[in-house]
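This report refers to the structure that appears directly beneath it.
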Amino acid sequence: MPPLFAGAGVGDVMTAEIAGRPRRPGKPVQIVALAGCSIVLLMTGIALTNGFLGGAAWPERIQSPAAMIHIGISFLALPLTVVQLAQRKGTRPHRMIGYAWCGLLMAGALASFFIYELTGGFSPPHVFAATTVIFVPWIIYSARKRQRKTHRNLVLSIAFMQILAGALTFIPERRSIGDLFWPLFG
């Protein structure tokens, strides 16, 4: 089967798959990123479910259209992060999901530039968005040029930014997603 995109072959990953060699476990950093993104995904899912079911009042700060769009897109990108970190690299599904993931990351980052409720202007979390806007094209470029180490490091950097940004939204009394989550526990 020809590669989906010119110059985007599957390399030694497919060779190992065909040869029947066992898949080697992920590196510790990748495993930590996978676990962290999974936890943030689970907590966000619980919080949003609680908010939609009326178990907690939506904080006014996250009711703006830009915030709702950003939250929705970010919630769609998180499971793709988990899938990308867990699945075999270099395969056709990895590339296809990767492009979707990159599109969601860019859309979420761009939407976040219209959220000003924290300080009335740009705030520290906007650094994550600016970094994402820079890293996403670089992720695609490094994958297409087969710069695996660069690609991996950039993807893991984005994953850790997702974990940190997600964790910051769960700080109690921050009038964010955490206000939909913590009422479930007292």
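Residue numbering restarts at 1 in every chain; chains get A, B, ... in the order shown in the structure tokens, and ligands count up from 1 in that same order.
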- Message: Could you list, as a PyMOL selection string, every residue within 12 Å of Val83 (chain A), counting only C-alpha atoms and ignoring same-chain residues fewer than 2 positions away?
- Response: chain A and resi 30+33-35+37-38+41+76-81+85-89+93-98+100-101+159
- Secondary structure check, alpha helix (DSSP H) residues of chain A, as an MDAnalysis selection string: chainID A and resid 11:19 28:52 65:86 92:112 126:144 148:168 178:181
- When you draw a straight line from CA of Gly55 (chain A) to CA of Leu180 (chain A), how long is it in Å? 7.7 Å
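Interatomic distance, CA of Ser74 (chain A) to CA of Arg175 (chain A): 17.7 Å.
The protein and nucleic acid residues lying at most 10 Å from region 42-44 of chain A are Gly36, Asn50, Ile71, Ser74, Phe75, Leu78, Pro79, Gly166, Ala167, Thr169, Phe170, Ile177, Gly178, Leu180, Phe181 and Trp182 of chain A, with only C-alpha atoms considered and sequence neighbours fewer than 6 positions away removed.
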- Of the listed residues A:Arg61, A:His70, A:His126, A:His151, that which approaches Gly90 (chain A) most closely, counting only C-alpha atoms: A:His151
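Proximity ranking of A:Gly45, A:Pro137, A:Pro125, A:Pro183 relative to Gln162 (chain A) places A:Pro125 first, based on only C-alpha atoms.
Between CA of Gly108 (chain A) and CA of Ala47 (chain A) the separation is 18.7 Å.
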- Ile73 (chain A) proximity check over A:Gly54, A:Ile39, A:Ser112, A:Leu164, using only C-alpha atoms: winner is A:Ser112
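Nearest residue to Met106 (chain A) among A:Val133, A:Val127, A:Ile139, A:Val29 is A:Val133, counting only C-alpha atoms.
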- Message: Counting only C-alpha atoms, which residue out of A:Asn153, A:Leu110, A:Arg92, A:Pro59 sits closest to Ala130 (chain A)?
- Response: A:Leu110
